[in-house]
>>> print(open('my_file.txt').read())   # compact mmCIF, N, CA and C atoms
# COMPACT_ATOMS: atom_id res chain seq x y z
N MET A 1 0.85 -1.18 0.00
CA MET A 1 0.00 0.00 0.00
C MET A 1 0.90 1.24 0.00
N ALA A 2 0.61 2.19 -0.87
CA ALA A 2 1.40 3.41 -0.99
C ALA A 2 1.15 4.32 0.21
N LYS A 3 2.21 4.98 0.60
CA LYS A 3 2.12 5.94 1.71
C LYS A 3 1.40 7.20 1.21
N ALA A 4 0.55 7.77 2.04
CA ALA A 4 -0.19 8.98 1.67
C ALA A 4 0.79 10.14 1.43
N LYS A 5 0.54 10.88 0.38
CA LYS A 5 1.39 12.01 0.04
C LYS A 5 1.02 13.20 0.94
N PRO A 6 2.04 13.86 1.52
CA PRO A 6 1.75 15.03 2.36
C PRO A 6 1.03 16.12 1.57
N ILE A 7 0.17 16.83 2.26
CA ILE A 7 -0.57 17.97 1.68
C ILE A 7 -0.09 19.21 2.42
N THR A 8 0.35 20.22 1.67
CA THR A 8 0.87 21.43 2.30
C THR A 8 0.24 22.67 1.70
N SER A 9 0.13 23.71 2.52
CA SER A 9 -0.36 25.00 2.04
C SER A 9 0.13 26.11 2.96
N ILE A 10 0.40 27.26 2.36
CA ILE A 10 0.72 28.45 3.16
C ILE A 10 -0.60 29.04 3.60
N GLU A 11 -0.81 29.09 4.90
CA GLU A 11 -2.07 29.57 5.47
C GLU A 11 -2.13 31.09 5.57
N SER A 12 -1.00 31.71 5.91
CA SER A 12 -0.94 33.16 6.02
C SER A 12 0.52 33.59 5.87
N TYR A 13 0.71 34.85 5.48
CA TYR A 13 2.05 35.40 5.34
C TYR A 13 1.98 36.90 5.51
N GLY A 14 3.06 37.47 6.02
CA GLY A 14 3.11 38.92 6.18
C GLY A 14 3.68 39.31 7.52
N ILE A 15 3.02 40.31 8.12
CA ILE A 15 3.46 40.87 9.40
C ILE A 15 2.61 40.23 10.50
N TYR A 16 3.27 39.82 11.57
CA TYR A 16 2.62 39.11 12.67
C TYR A 16 2.81 39.83 14.00
N SER A 17 2.00 39.45 14.97
CA SER A 17 2.19 39.89 16.35
C SER A 17 3.50 39.32 16.86
N HIS A 18 4.00 39.87 17.94
CA HIS A 18 5.25 39.37 18.53
C HIS A 18 5.12 37.87 18.82
N TRP A 19 6.20 37.13 18.56
CA TRP A 19 6.19 35.70 18.76
C TRP A 19 7.35 35.27 19.63
N ASP A 20 7.07 34.37 20.55
CA ASP A 20 8.09 33.78 21.41
C ASP A 20 8.18 32.31 21.02
N ALA A 21 9.36 31.87 20.57
CA ALA A 21 9.55 30.49 20.11
C ALA A 21 9.22 29.47 21.19
N LYS A 22 9.28 29.87 22.45
CA LYS A 22 8.97 28.95 23.55
C LYS A 22 7.46 28.84 23.78
N ASP A 23 6.71 29.75 23.20
CA ASP A 23 5.25 29.77 23.38
C ASP A 23 4.61 28.69 22.50
N LYS A 24 3.60 28.03 23.02
CA LYS A 24 2.89 27.00 22.28
C LYS A 24 2.08 27.59 21.12
N ASP A 25 1.53 28.78 21.32
CA ASP A 25 0.69 29.41 20.31
C ASP A 25 1.53 30.10 19.24
N LEU A 26 1.08 30.01 18.01
CA LEU A 26 1.73 30.70 16.90
C LEU A 26 1.34 32.18 16.93
N PRO A 27 2.14 33.05 16.30
CA PRO A 27 1.77 34.47 16.29
C PRO A 27 0.52 34.69 15.43
N GLN A 28 -0.10 35.81 15.64
CA GLN A 28 -1.30 36.17 14.88
C GLN A 28 -0.94 37.12 13.74
N ILE A 29 -1.53 36.87 12.57
CA ILE A 29 -1.29 37.73 11.41
C ILE A 29 -1.92 39.10 11.68
N THR A 30 -1.18 40.17 11.40
CA THR A 30 -1.73 41.52 11.53
C THR A 30 -1.92 42.17 10.16
N GLU A 31 -1.11 41.73 9.16
CA GLU A 31 -1.27 42.25 7.80
C GLU A 31 -0.71 41.25 6.80
N PHE A 32 -1.52 40.88 5.81
CA PHE A 32 -1.06 40.05 4.70
C PHE A 32 -0.27 40.95 3.75
N THR A 33 1.02 40.69 3.60
CA THR A 33 1.85 41.50 2.72
C THR A 33 3.19 40.82 2.50
N THR A 34 3.87 41.19 1.41
CA THR A 34 5.25 40.79 1.22
C THR A 34 6.17 42.00 1.30
N ASP A 35 5.60 43.20 1.45
CA ASP A 35 6.37 44.43 1.64
C ASP A 35 6.34 44.77 3.13
N VAL A 36 7.51 44.77 3.74
CA VAL A 36 7.61 44.94 5.19
C VAL A 36 8.48 46.15 5.49
N PRO A 37 8.00 47.08 6.33
CA PRO A 37 8.85 48.21 6.69
C PRO A 37 9.99 47.73 7.59
N ALA A 38 11.20 48.20 7.30
CA ALA A 38 12.36 47.82 8.10
C ALA A 38 12.33 48.61 9.40
N GLN A 39 11.70 48.02 10.41
CA GLN A 39 11.56 48.65 11.73
C GLN A 39 12.02 47.66 12.79
N LEU A 40 12.61 48.18 13.84
CA LEU A 40 13.05 47.33 14.94
C LEU A 40 11.92 46.45 15.44
N ASP A 41 12.22 45.20 15.66
CA ASP A 41 11.32 44.22 16.28
C ASP A 41 10.09 43.86 15.47
N ILE A 42 9.99 44.28 14.20
CA ILE A 42 8.83 43.87 13.40
C ILE A 42 8.96 42.38 13.11
N GLU A 43 7.87 41.65 13.23
CA GLU A 43 7.83 40.19 13.04
C GLU A 43 7.18 39.90 11.70
N PHE A 44 7.86 39.12 10.85
CA PHE A 44 7.31 38.79 9.54
C PHE A 44 7.67 37.36 9.17
N GLY A 45 6.86 36.76 8.30
CA GLY A 45 7.11 35.39 7.88
C GLY A 45 5.84 34.76 7.36
N PHE A 46 5.69 33.43 7.56
CA PHE A 46 4.49 32.75 7.11
C PHE A 46 4.20 31.52 7.97
N ILE A 47 2.95 31.10 7.90
CA ILE A 47 2.51 29.88 8.57
C ILE A 47 2.13 28.87 7.50
N VAL A 48 2.71 27.68 7.60
CA VAL A 48 2.42 26.61 6.64
C VAL A 48 1.65 25.52 7.38
N ASN A 49 0.69 24.90 6.68
CA ASN A 49 -0.04 23.76 7.22
C ASN A 49 0.44 22.53 6.47
N ILE A 50 0.80 21.50 7.25
CA ILE A 50 1.30 20.25 6.67
C ILE A 50 0.42 19.12 7.18
N LYS A 51 -0.17 18.38 6.24
CA LYS A 51 -1.03 17.24 6.60
C LYS A 51 -0.40 15.95 6.09
N LYS A 52 -0.64 14.87 6.81
CA LYS A 52 -0.21 13.51 6.43
C LYS A 52 1.31 13.37 6.37
N ALA A 53 2.02 13.99 7.33
CA ALA A 53 3.48 13.90 7.34
C ALA A 53 4.04 13.73 8.76
N LYS A 54 3.22 13.30 9.69
CA LYS A 54 3.66 13.17 11.08
C LYS A 54 4.94 12.34 11.15
N GLY A 55 5.92 12.88 11.92
CA GLY A 55 7.18 12.19 12.13
C GLY A 55 8.23 12.46 11.08
N GLN A 56 7.84 13.06 9.96
CA GLN A 56 8.81 13.40 8.93
C GLN A 56 9.53 14.70 9.30
N LYS A 57 10.71 14.90 8.74
CA LYS A 57 11.51 16.06 9.08
C LYS A 57 11.43 17.11 7.99
N ILE A 58 11.18 18.34 8.41
CA ILE A 58 11.26 19.47 7.48
C ILE A 58 12.60 20.17 7.70
N LYS A 59 13.07 20.81 6.65
CA LYS A 59 14.25 21.66 6.73
C LYS A 59 13.80 23.05 6.34
N PHE A 60 14.20 24.05 7.12
CA PHE A 60 13.82 25.41 6.79
C PHE A 60 15.06 26.28 6.67
N CYS A 61 14.90 27.35 5.90
CA CYS A 61 16.02 28.25 5.66
C CYS A 61 15.49 29.67 5.49
N VAL A 62 16.21 30.62 6.10
CA VAL A 62 15.92 32.04 5.94
C VAL A 62 17.15 32.66 5.28
N TYR A 63 16.99 33.05 4.01
CA TYR A 63 18.04 33.73 3.27
C TYR A 63 17.80 35.22 3.44
N HIS A 64 18.78 35.94 3.91
CA HIS A 64 18.61 37.37 4.13
C HIS A 64 19.60 38.14 3.27
N PRO A 65 19.40 39.46 3.16
CA PRO A 65 20.37 40.25 2.40
C PRO A 65 21.75 40.07 3.04
N ASP A 66 22.78 40.53 2.40
CA ASP A 66 24.14 40.36 2.92
C ASP A 66 24.34 41.16 4.20
N ILE A 67 23.94 40.56 5.31
CA ILE A 67 24.05 41.20 6.62
C ILE A 67 25.40 40.82 7.23
N PRO A 68 26.21 41.80 7.60
CA PRO A 68 27.50 41.48 8.21
C PRO A 68 27.34 41.14 9.70
N ASP A 69 28.22 40.24 10.18
CA ASP A 69 28.25 39.94 11.61
C ASP A 69 29.13 40.98 12.31
N GLU A 70 29.44 40.78 13.58
CA GLU A 70 30.24 41.74 14.36
C GLU A 70 31.65 41.93 13.79
N ASP A 71 32.15 40.92 13.06
CA ASP A 71 33.49 41.01 12.47
C ASP A 71 33.46 41.51 11.04
N GLY A 72 32.29 41.87 10.53
CA GLY A 72 32.17 42.36 9.17
C GLY A 72 32.00 41.26 8.13
N GLU A 73 31.96 40.00 8.55
CA GLU A 73 31.76 38.88 7.64
C GLU A 73 30.26 38.70 7.35
N ILE A 74 29.94 38.35 6.11
CA ILE A 74 28.53 38.14 5.74
C ILE A 74 28.00 36.91 6.46
N MET A 75 26.85 37.08 7.14
CA MET A 75 26.24 35.97 7.87
C MET A 75 25.65 34.95 6.90
N PRO A 76 25.81 33.66 7.20
CA PRO A 76 25.19 32.65 6.33
C PRO A 76 23.68 32.62 6.56
N PRO A 77 22.93 32.02 5.64
CA PRO A 77 21.49 31.87 5.87
C PRO A 77 21.24 31.11 7.18
N PHE A 78 20.10 31.39 7.80
CA PHE A 78 19.70 30.69 9.02
C PHE A 78 18.98 29.42 8.60
N GLU A 79 19.47 28.27 9.07
CA GLU A 79 18.90 26.98 8.69
C GLU A 79 18.55 26.18 9.94
N GLY A 80 17.55 25.32 9.79
CA GLY A 80 17.18 24.45 10.90
C GLY A 80 16.32 23.29 10.42
N GLU A 81 16.05 22.41 11.35
CA GLU A 81 15.21 21.24 11.08
C GLU A 81 14.19 21.09 12.19
N GLN A 82 13.08 20.47 11.85
CA GLN A 82 12.00 20.25 12.82
C GLN A 82 11.19 19.04 12.37
N TYR A 83 10.81 18.21 13.31
CA TYR A 83 9.94 17.09 12.98
C TYR A 83 8.49 17.53 12.99
N VAL A 84 7.72 17.05 12.03
CA VAL A 84 6.29 17.33 11.95
C VAL A 84 5.63 16.62 13.13
N LYS A 85 4.91 17.38 13.95
CA LYS A 85 4.42 16.85 15.23
C LYS A 85 3.09 16.11 15.15
N THR A 86 2.24 16.49 14.21
CA THR A 86 0.93 15.84 14.10
C THR A 86 0.58 15.66 12.62
N ASN A 87 -0.53 15.00 12.34
CA ASN A 87 -0.95 14.80 10.95
C ASN A 87 -1.69 16.01 10.37
N ASP A 88 -1.89 17.03 11.17
CA ASP A 88 -2.47 18.29 10.71
C ASP A 88 -1.77 19.37 11.50
N TRP A 89 -0.60 19.80 11.02
CA TRP A 89 0.34 20.59 11.81
C TRP A 89 0.57 21.95 11.18
N GLN A 90 0.63 22.97 12.01
CA GLN A 90 0.96 24.32 11.55
C GLN A 90 2.32 24.71 12.09
N PHE A 91 3.12 25.32 11.22
CA PHE A 91 4.48 25.71 11.56
C PHE A 91 4.69 27.15 11.11
N TYR A 92 5.26 27.97 12.01
CA TYR A 92 5.57 29.36 11.68
C TYR A 92 7.06 29.47 11.37
N LEU A 93 7.38 30.06 10.23
CA LEU A 93 8.75 30.39 9.88
C LEU A 93 8.80 31.90 9.71
N GLY A 94 9.61 32.55 10.51
CA GLY A 94 9.67 34.00 10.43
C GLY A 94 10.95 34.54 11.02
N ASP A 95 11.03 35.84 11.02
CA ASP A 95 12.18 36.53 11.57
C ASP A 95 11.73 37.89 12.06
N THR A 96 12.65 38.59 12.67
CA THR A 96 12.38 39.93 13.18
C THR A 96 13.61 40.79 12.92
N ILE A 97 13.45 42.07 12.93
CA ILE A 97 14.54 42.99 12.62
C ILE A 97 15.18 43.48 13.91
N TRP A 98 16.52 43.49 13.91
CA TRP A 98 17.30 43.95 15.05
C TRP A 98 18.21 45.09 14.59
N ALA A 99 18.78 45.81 15.54
CA ALA A 99 19.66 46.94 15.23
C ALA A 99 21.02 46.44 14.73
N PRO A 100 21.62 47.16 13.82
CA PRO A 100 21.10 48.33 13.12
C PRO A 100 20.14 47.91 12.00
N VAL A 101 19.14 48.73 11.77
CA VAL A 101 18.09 48.40 10.81
C VAL A 101 18.57 48.55 9.36
N ASP A 102 19.42 49.55 9.10
CA ASP A 102 19.81 49.87 7.72
C ASP A 102 20.36 48.69 6.93
N ASN A 103 21.09 47.77 7.58
CA ASN A 103 21.67 46.67 6.81
C ASN A 103 20.73 45.47 6.68
N LYS A 104 19.50 45.61 7.08
CA LYS A 104 18.51 44.54 6.95
C LYS A 104 17.59 44.74 5.75
N VAL A 105 17.72 45.87 5.06
CA VAL A 105 16.87 46.21 3.93
C VAL A 105 17.19 45.31 2.73
N GLY A 106 16.15 44.87 2.04
CA GLY A 106 16.33 44.04 0.85
C GLY A 106 15.40 42.84 0.88
N ILE A 107 15.71 41.85 0.06
CA ILE A 107 14.87 40.66 -0.09
C ILE A 107 15.28 39.59 0.92
N TRP A 108 14.31 39.11 1.66
CA TRP A 108 14.46 37.99 2.59
C TRP A 108 13.62 36.84 2.03
N ARG A 109 14.24 35.71 1.78
CA ARG A 109 13.53 34.55 1.24
C ARG A 109 13.48 33.46 2.29
N MET A 110 12.31 32.87 2.47
CA MET A 110 12.12 31.80 3.45
C MET A 110 11.59 30.57 2.74
N THR A 111 12.24 29.41 2.99
CA THR A 111 11.82 28.17 2.34
C THR A 111 11.69 27.06 3.37
N ILE A 112 10.81 26.12 3.05
CA ILE A 112 10.65 24.89 3.85
C ILE A 112 10.70 23.73 2.87
N GLU A 113 11.51 22.72 3.21
CA GLU A 113 11.62 21.50 2.40
C GLU A 113 11.09 20.31 3.17
N LEU A 114 10.49 19.38 2.45
CA LEU A 114 10.04 18.11 2.99
C LEU A 114 10.39 17.05 1.95
N ASN A 115 11.09 16.01 2.37
CA ASN A 115 11.51 14.94 1.48
C ASN A 115 12.27 15.45 0.26
N GLY A 116 13.11 16.47 0.47
CA GLY A 116 13.94 16.99 -0.62
C GLY A 116 13.24 17.92 -1.59
N HIS A 117 11.97 18.25 -1.32
CA HIS A 117 11.21 19.14 -2.20
C HIS A 117 10.79 20.39 -1.42
N ILE A 118 10.91 21.55 -2.06
CA ILE A 118 10.44 22.78 -1.43
C ILE A 118 8.92 22.76 -1.41
N ILE A 119 8.35 22.85 -0.21
CA ILE A 119 6.89 22.83 -0.06
C ILE A 119 6.32 24.22 0.24
N ALA A 120 7.19 25.15 0.65
CA ALA A 120 6.77 26.52 0.92
C ALA A 120 7.94 27.45 0.61
N ASP A 121 7.65 28.54 -0.07
CA ASP A 121 8.68 29.46 -0.52
C ASP A 121 8.04 30.85 -0.58
N LYS A 122 8.55 31.78 0.21
CA LYS A 122 7.98 33.13 0.22
C LYS A 122 9.12 34.13 0.39
N SER A 123 9.08 35.20 -0.39
CA SER A 123 10.07 36.27 -0.28
C SER A 123 9.40 37.53 0.23
N PHE A 124 10.14 38.25 1.07
CA PHE A 124 9.66 39.50 1.65
C PHE A 124 10.64 40.60 1.31
N ASN A 125 10.09 41.77 0.93
CA ASN A 125 10.90 42.92 0.59
C ASN A 125 10.89 43.88 1.77
N LEU A 126 12.01 43.96 2.48
CA LEU A 126 12.11 44.88 3.60
C LEU A 126 12.54 46.24 3.06
N LEU A 127 11.71 47.23 3.33
CA LEU A 127 11.88 48.56 2.76
C LEU A 127 12.24 49.57 3.84
N LYS A 128 13.26 50.37 3.55
CA LYS A 128 13.74 51.38 4.47
C LYS A 128 12.81 52.58 4.47
N GLU A 129 12.60 53.12 5.62
CA GLU A 129 11.81 54.36 5.71
C GLU A 129 12.69 55.52 5.29
N ALA A 130 12.14 56.39 4.45
CA ALA A 130 12.89 57.55 3.98
C ALA A 130 12.72 58.71 4.96
N GLU A 131 13.58 59.68 4.84
CA GLU A 131 13.48 60.89 5.67
C GLU A 131 12.21 61.65 5.27
N GLY A 132 11.62 62.35 6.17
CA GLY A 132 10.45 63.17 5.87
C GLY A 132 9.16 62.43 6.19
N THR A 133 8.06 62.94 5.62
CA THR A 133 6.76 62.40 5.96
C THR A 133 6.40 61.15 5.17
N ALA A 134 6.77 61.07 3.90
CA ALA A 134 6.46 59.88 3.09
C ALA A 134 7.59 58.86 3.27
N THR A 135 7.27 57.61 3.09
CA THR A 135 8.29 56.57 3.21
C THR A 135 8.41 55.79 1.91
N GLU A 136 9.58 55.18 1.70
CA GLU A 136 9.75 54.30 0.55
C GLU A 136 8.73 53.16 0.64
N PHE A 137 8.44 52.75 1.88
CA PHE A 137 7.49 51.65 2.09
C PHE A 137 6.14 51.99 1.46
N TRP A 138 5.59 53.13 1.77
CA TRP A 138 4.27 53.48 1.26
C TRP A 138 4.32 53.83 -0.22
N LYS A 139 5.41 54.46 -0.66
CA LYS A 139 5.55 54.78 -2.09
C LYS A 139 5.56 53.49 -2.91
N HIS A 140 6.31 52.49 -2.43
CA HIS A 140 6.41 51.21 -3.14
C HIS A 140 5.04 50.54 -3.26
N ARG A 141 4.21 50.73 -2.27
CA ARG A 141 2.89 50.09 -2.26
C ARG A 141 1.85 50.89 -3.03
N GLY A 142 2.26 52.02 -3.63
CA GLY A 142 1.35 52.78 -4.49
C GLY A 142 0.53 53.83 -3.77
N TYR A 143 0.94 54.20 -2.56
CA TYR A 143 0.19 55.23 -1.82
C TYR A 143 0.89 56.56 -1.91
>>> encode(input="my_file.txt", output="structure tokens")
Amino acid sequence: MAKAKPITSIESYGIYSHWDAKDKDLPQITEFTTDVPAQLDIEFGFIVNIKKAKGQKIKFCVYHPDIPDEDGEIMPPFEGEQYVKTNDWQFYLGDTIWAPVDNKVGIWRMTIELNGHIIADKSFNLLKEAEGTATEFWKHRGY
């Protein structure tokens, strides 16, 4: 008998409420968007739903713009693994902005793999606020 094929979908993406990785509850979506203002502590990412994959391992990766570490070396992408906990499981993959904000501007890509295949892939454009009353963020969004 063939094993059931996992079913995956991105449930939400964009800006979320503050999230604590130790908390059982996932963050709440506050705005569906791929354009994110580069502000301290803003939480962004996506929630994926994975069905029929209990016990299988996902691999996730956050590719960020060329952010230097304390020694000026470009930081590698953030990678990790997690086992699917139930047969109808939700997983949050996200990040937040830390100081200094200026070097966090650009495209952030987040991916999740299962069985060697990318099952979720979302890119976010972090936009710097410009001086004055209007921002690049709002201009980019057509306002």
>>> closest_atom_pairs(input="my_file.txt", of="stretch 22-77 of chain A", to="stretch 103-112 of chain A", cutoff="6 Å", atoms="only C-alpha atoms", output="JSON lines")
{"residue": "A:Lys59", "atom": "CA", "partner": "A:Ile112", "partner_atom": "CA", "distance": 5.6}
{"residue": "A:Phe60", "atom": "CA", "partner": "A:Ile112", "partner_atom": "CA", "distance": 4.4}
{"residue": "A:Cys61", "atom": "CA", "partner": "A:Thr111", "partner_atom": "CA", "distance": 5.4}
{"residue": "A:Val62", "atom": "CA", "partner": "A:Met110", "partner_atom": "CA", "distance": 4.5}
{"residue": "A:Tyr63", "atom": "CA", "partner": "A:Arg109", "partner_atom": "CA", "distance": 5.0}
{"residue": "A:His64", "atom": "CA", "partner": "A:Trp108", "partner_atom": "CA", "distance": 4.5}
{"residue": "A:Pro65", "atom": "CA", "partner": "A:Gly106", "partner_atom": "CA", "distance": 5.8}
{"residue": "A:Ile67", "atom": "CA", "partner": "A:Asn103", "partner_atom": "CA", "distance": 6.0}
>>> closest_atom_pairs(input="my_file.txt", of="stretch 24-57 of chain A", to="stretch 119-122 of chain A", cutoff="12 Å", atoms="only C-alpha atoms", output="Markdown table")
| residue | atom | partner | partner_atom | distance |
| --- | --- | --- | --- | --- |
| A:Thr33 | CA | A:Lys122 | CA | 10.7 |
| A:Thr34 | CA | A:Lys122 | CA | 8.2 |
| A:Asp35 | CA | A:Lys122 | CA | 11.5 |
| A:Phe44 | CA | A:Lys122 | CA | 10.9 |
| A:Gly45 | CA | A:Lys122 | CA | 8.0 |
| A:Phe46 | CA | A:Lys122 | CA | 7.7 |
| A:Ile47 | CA | A:Ala120 | CA | 9.4 |
| A:Val48 | CA | A:Ala120 | CA | 7.2 |
| A:Asn49 | CA | A:Ala120 | CA | 9.7 |
| A:Ile50 | CA | A:Ile119 | CA | 9.1 |
| A:Lys51 | CA | A:Ile119 | CA | 11.8 |
>>> atom_distance(input="my_file.txt", atom1="atom CA of A:Ile29", atom2="atom CA of A:Gly14")
6.9 Å
>>> atom_distance(input="my_file.txt", atom1="atom N of A:Asp41", atom2="atom N of A:Glu113")
25.7 Å
>>> atom_distance(input="my_file.txt", atom1="atom CA of A:Lys5", atom2="atom CA of A:Asp88")
13.0 Å
>>> closest_residue(input="my_file.txt", among="A:Glu129, A:Asp102, A:Asp95, A:Asp71", to="A:Glu43", atoms="only C-alpha atoms")
A:Asp95
>>> select_by_dssp(input="my_file.txt", residues="chain A", states="helix (DSSP H, G or I)", output="list of chain:residue names")
A:Asp102, A:Asn103, A:Lys104, A:Glu136, A:Phe137, A:Trp138, A:Lys139, A:His140
>>> select_by_dssp(input="my_file.txt", residues="stretch 20-119 of chain A", states="strand (DSSP E or B)", output="NGL selection string")
:A and (29-32 or 35-37 or 43-51 or 57-63 or 68 or 74 or 78-83 or 88-96 or 106-114 or 117-119)
>>> residues_around(input="my_file.txt", residues="A:Lys85", least_positions_apart="4", cutoff="6.5 Å", atoms="only N, CA and C atoms", output="list in words")
Ala53, Lys54, Gly55 and Trp89 of chain A
>>> closest_residue(input="my_file.txt", among="A:Leu114, A:Ile97, A:Leu126, A:Leu26", to="A:Lys57", atoms="only N, CA and C atoms")
A:Leu114
>>> closest_residue(input="my_file.txt", among="A:Gln28, A:Met75, A:Gln39, A:Lys128", to="A:Thr96", atoms="all atoms listed in the file")
A:Gln39
>>> axis_aligned_box(input="my_file.txt", around="stretch 86-92 of chain A", padding_each_side="6 Å", output="lines of an AutoDock Vina configuration file")
center_x = 2.3
center_y = 22.1
center_z = 12.3
size_x = 21.5
size_y = 26.7
size_z = 15.8
>>> residues_around(input="my_file.txt", residues="A:Pro27", least_positions_apart="5", cutoff="8 Å", atoms="all atoms listed in the file", output="count of residues only")
7
>>> build_atoms(input="my_file.txt", residues="stretch 115-122 of chain A", atoms="all heavy atoms", output="PDB file, in the frame of the given file")
ATOM      1  N   ASN A 115      11.090  16.010   2.370  1.00  0.00           N
ATOM      2  CA  ASN A 115      11.510  14.940   1.480  1.00  0.00           C
ATOM      3  C   ASN A 115      12.270  15.450   0.260  1.00  0.00           C
ATOM      4  O   ASN A 115      12.083  14.971  -0.864  1.00  0.00           O
ATOM      5  CB  ASN A 115      10.304  14.104   1.031  1.00  0.00           C
ATOM      6  CG  ASN A 115       9.589  13.472   2.192  1.00  0.00           C
ATOM      7  OD1 ASN A 115      10.211  13.066   3.169  1.00  0.00           O
ATOM      8  ND2 ASN A 115       8.269  13.399   2.104  1.00  0.00           N
ATOM      9  N   GLY A 116      13.110  16.470   0.470  1.00  0.00           N
ATOM     10  CA  GLY A 116      13.940  16.990  -0.620  1.00  0.00           C
ATOM     11  C   GLY A 116      13.240  17.920  -1.590  1.00  0.00           C
ATOM     12  O   GLY A 116      13.832  18.328  -2.581  1.00  0.00           O
ATOM     13  N   HIS A 117      11.970  18.250  -1.320  1.00  0.00           N
ATOM     14  CA  HIS A 117      11.210  19.140  -2.200  1.00  0.00           C
ATOM     15  C   HIS A 117      10.790  20.390  -1.420  1.00  0.00           C
ATOM     16  O   HIS A 117      10.339  20.289  -0.273  1.00  0.00           O
ATOM     17  CB  HIS A 117       9.950  18.449  -2.733  1.00  0.00           C
ATOM     18  CG  HIS A 117      10.246  17.229  -3.535  1.00  0.00           C
ATOM     19  ND1 HIS A 117      10.745  17.284  -4.813  1.00  0.00           N
ATOM     20  CD2 HIS A 117      10.120  15.917  -3.233  1.00  0.00           C
ATOM     21  CE1 HIS A 117      10.918  16.060  -5.268  1.00  0.00           C
ATOM     22  NE2 HIS A 117      10.552  15.205  -4.332  1.00  0.00           N
ATOM     23  N   ILE A 118      10.910  21.550  -2.060  1.00  0.00           N
ATOM     24  CA  ILE A 118      10.440  22.780  -1.430  1.00  0.00           C
ATOM     25  C   ILE A 118       8.920  22.760  -1.410  1.00  0.00           C
ATOM     26  O   ILE A 118       8.284  22.633  -2.458  1.00  0.00           O
ATOM     27  CB  ILE A 118      10.974  24.024  -2.158  1.00  0.00           C
ATOM     28  CG1 ILE A 118      12.492  24.112  -1.983  1.00  0.00           C
ATOM     29  CG2 ILE A 118      10.298  25.282  -1.625  1.00  0.00           C
ATOM     30  CD1 ILE A 118      13.147  25.276  -2.701  1.00  0.00           C
ATOM     31  N   ILE A 119       8.350  22.850  -0.210  1.00  0.00           N
ATOM     32  CA  ILE A 119       6.890  22.830  -0.060  1.00  0.00           C
ATOM     33  C   ILE A 119       6.320  24.220   0.240  1.00  0.00           C
ATOM     34  O   ILE A 119       5.122  24.431   0.137  1.00  0.00           O
ATOM     35  CB  ILE A 119       6.441  21.838   1.027  1.00  0.00           C
ATOM     36  CG1 ILE A 119       7.050  22.187   2.380  1.00  0.00           C
ATOM     37  CG2 ILE A 119       6.787  20.410   0.609  1.00  0.00           C
ATOM     38  CD1 ILE A 119       6.424  21.488   3.557  1.00  0.00           C
ATOM     39  N   ALA A 120       7.190  25.150   0.650  1.00  0.00           N
ATOM     40  CA  ALA A 120       6.770  26.520   0.920  1.00  0.00           C
ATOM     41  C   ALA A 120       7.940  27.450   0.610  1.00  0.00           C
ATOM     42  O   ALA A 120       9.078  27.163   0.994  1.00  0.00           O
ATOM     43  CB  ALA A 120       6.327  26.674   2.368  1.00  0.00           C
ATOM     44  N   ASP A 121       7.650  28.540  -0.070  1.00  0.00           N
ATOM     45  CA  ASP A 121       8.680  29.460  -0.520  1.00  0.00           C
ATOM     46  C   ASP A 121       8.040  30.850  -0.580  1.00  0.00           C
ATOM     47  O   ASP A 121       7.094  31.058  -1.342  1.00  0.00           O
ATOM     48  CB  ASP A 121       9.195  29.029  -1.884  1.00  0.00           C
ATOM     49  CG  ASP A 121      10.395  29.822  -2.378  1.00  0.00           C
ATOM     50  OD1 ASP A 121      10.680  30.904  -1.841  1.00  0.00           O
ATOM     51  OD2 ASP A 121      11.041  29.338  -3.324  1.00  0.00           O
ATOM     52  N   LYS A 122       8.550  31.780   0.210  1.00  0.00           N
ATOM     53  CA  LYS A 122       7.980  33.130   0.220  1.00  0.00           C
ATOM     54  C   LYS A 122       9.120  34.130   0.390  1.00  0.00           C
ATOM     55  O   LYS A 122      10.018  33.924   1.211  1.00  0.00           O
ATOM     56  CB  LYS A 122       6.991  33.257   1.377  1.00  0.00           C
ATOM     57  CG  LYS A 122       6.024  34.397   1.258  1.00  0.00           C
ATOM     58  CD  LYS A 122       5.220  34.306   0.021  1.00  0.00           C
ATOM     59  CE  LYS A 122       3.760  34.374   0.172  1.00  0.00           C
ATOM     60  NZ  LYS A 122       3.111  34.490  -1.132  1.00  0.00           N
TER      61      LYS A 122
END
